[in-house]
Every structure is written in C-alpha cells, then in structure tokens.
Amino acid sequence: MIFLTLEHILTHISFSIVSIVITIYLITLLIDEIVIKLYDSSERGMIATFFCITGLLVTRWIYSGHFPLSNLYESLIFLSWSFSIIHIVPYLKNNKNYLSAITAPSAIFTQIFTTSGLLTEINQSAILVPALQSEWLIMHVTMMVLGYAALLCGSLLSVALLVITFRKDINIFYKSNPLLNESFSVVFGNLSAKNYYRSQLIQQLDHWSYRVISIGFVFLTIGILSGAVWANEAWGSYWNWDPKEIWAFITWTVFAIYLHTRTNTKQPPANSAIVASIGFLIIWICYFGVNLLGIGLHSYGSFTLRSN
C-alpha cells in the first residue's frame, strides 16, 4: 500500500514537472530576453523529471517483485526514462545539450501520455506470465526500449534535416545566443539569407543523427539477439515468425540500410535522412502498432496477463 501510494505521488509529480517544462520551452520560443534563465530552468526540470521517473520505476520494481517492463504502460514509462537519459547526458557532460529540441519534447509527451490516465486499464502490476519469468527480461526489453528511444531521436533529427534541406525558403529565427544556437533548441532564423549557417546546421543535424542512430542500432542488435536466445529457452525456437519479431527485423534492416547509406560520403545527407525518416514510422509500428493488435507470442506487451 505504501509503495502504491508512493508510485501515485511520483506519477503526479513527474506529470506536473513535465507540464511546467513544456510551458517553459514554449515561452523560450516567444521571448528572447529571458531565454538563458528559462533554458537553465527547463534543463533542471528535465533532470528532476528523470529522478522522478527513476523513483517511479524503482518503486514499481520493489512492490511488484519483477523488473517493470512487463506491459505497455511500464515500457512507455521506461521509454520516457530513456529519452530523459539521452537528454541529460550531453548536458551533464558539457553543460550544453545539442539534442534538447528532440529529446525534451519526446520525453515530455511520452510521460504526459503515460501518466494522463489513458492507460488506466493496464497500469496495474500483476504476476508475470511464465514466458516472462526469466532473467532475460531485463536484458532483452531494456536493450530494445533503449534502442527504440535512440533510434526515434536520431530519426527525428533526420526529419529536421530534410525539412531544412528541401524547404529552401524556410524562415528560421536565428538568435544570437550561441548556447541555444548550438543546442538546436532555437534553430529558427533567416537561413535563406544565411547559407553558411544553414549548411552548418545541416552538417550538425547529420552528425548527431548518425551518432545517436548508431548507438540505437547497437542496442537494437543486442536486444534482438538476446530475444532470440530467450525465445529458444521459452518457446524452443530462436525465430517464430511472430509479428513483433518480423517488425523488429524490418526495423533493424531499415537502419542497417541507413548506416550503409550514411557511410557513403559521395551521397548527400538527405539520402540517408530519408531512410531514417522511414525508420521513424517503422519503429512506431514495431513498438506500438503491433502491440495494439494484441496478437502473437508478444501479446502480453499490450495488456498485463495474470498466470493461473
């Protein structure tokens, strides 16, 4: 009872903090004079959100008796936690955040959706089904969700690259603040008249997209391999042509093509960015869309099933 109450408290706190943070981000886009102070406040808010989500996961782990990645609700919380990790690591390392325009909204909207009450029917912890009662649960699902988070962030950077590349007449409010300029959080300006800044921005987007997607691809590969080993233990076969497995392989293939295209220096960055943008849609089909169907060996990914 105590842990359940603590979970509810942490859920409401995290929801309140992310609501404040997104308000701050909107204000920074409208008011130049107080941008730096508000930017620092939003970064501290994201750090506070990270600790709240961490506490929420630990609390749920303690009172449920298993790692909190057994259903869609718990995996969405962990996805939000993963976005927060990707957000705060660059900030803590350099006191700057080059990815904040992507990671912060991703973490905020994921957490808002998860804690908004739309998933009330599946947010209750229950006894794991026999297939999930394995030490591979932590290894496989953690790697997969971390991979999804990194690949989603990298794909969104590629989408931003495509928008800037193909909209030659785009007006971007280029602000003189170097901190915000480097972090992409205010990359709006009259780049049609400033081709130098436009080309620099495209290079930075391409660079960070490649780095983040590369990390996500490694996580995804480890997740798929560990899942194959776990499937052999649970179901007697490394590959079962399950919808989740098929779409995970499609996701892996798309981003393998991206990495191959990206390493070809003769091709413009837009070519690989198109592949990553397609990958963005594929990830959501694999992660969310397949779960909503509630079919296949991974059907417990949508709803918590109690063992008999």
# chains A, B, ... in the order shown; residues from 1 in each chain; ligands from 1
call {"tool": "residues_around", "arguments": {"residues": "Ile285 of chain A", "least_positions_apart": "5", "cutoff": "12 Å", "atoms": "only C-alpha atoms", "output": "number ranges by chain"}}
result
A: 148, 243-248, 250-251, 278-280, 290-293
call {"tool": "write_last_selection", "arguments": {"atoms": "C-alpha atoms", "output": "compact mmCIF listing (two decimals), in the first residue's frame"}}
result
# COMPACT_ATOMS: atom_id res chain seq x y z
CA TYR A 148 13.84 2.47 -29.77
CA PRO A 243 4.63 -10.17 -35.79
CA LYS A 244 6.84 -8.45 -33.21
CA GLU A 245 9.90 -10.38 -34.37
CA ILE A 246 9.18 -9.65 -38.02
CA TRP A 247 8.76 -5.92 -37.48
CA ALA A 248 11.85 -5.81 -35.23
CA ILE A 250 12.35 -4.89 -40.55
CA THR A 251 13.37 -2.06 -38.21
CA ILE A 278 11.05 5.92 -42.93
CA GLY A 279 12.60 4.14 -39.98
CA PHE A 280 10.79 6.52 -37.63
CA VAL A 290 1.87 -4.42 -33.27
CA ASN A 291 1.07 -4.30 -29.54
CA LEU A 292 -2.33 -2.74 -30.19
CA LEU A 293 -3.31 -5.75 -32.29
call {"tool": "atom_distance", "arguments": {"atom1": "atom CA of Phe67 of chain A", "atom2": "atom CA of Asn240 of chain A"}}
result
24.7 Å
call {"tool": "atom_distance", "arguments": {"atom1": "atom CA of Thr23 of chain A", "atom2": "atom CA of Ile47 of chain A"}}
result
15.9 Å
call {"tool": "closest_residue", "arguments": {"among": "A:Ala270, A:Val254, A:Leu259, A:Ala104", "to": "Ser214 of chain A", "atoms": "only C-alpha atoms"}}
result
A:Leu259
call {"tool": "atom_distance", "arguments": {"atom1": "atom CA of Ser75 of chain A", "atom2": "atom CA of Leu220 of chain A"}}
result
15.1 Å
call {"tool": "closest_residue", "arguments": {"among": "A:Gln200, A:Ser272, A:Ser80, A:Gln133", "to": "Thr54 of chain A", "atoms": "only C-alpha atoms"}}
result
A:Ser80
call {"tool": "closest_residue", "arguments": {"among": "A:Leu76, A:Ile213, A:Leu205, A:Ala107", "to": "Val145 of chain A", "atoms": "only C-alpha atoms"}}
result
A:Leu76
call {"tool": "select_by_dssp", "arguments": {"residues": "segment 192-265 of chain A", "states": "helix (DSSP H, G or I)", "output": "ChimeraX atom specification"}}
result
/A:195-235,243-263
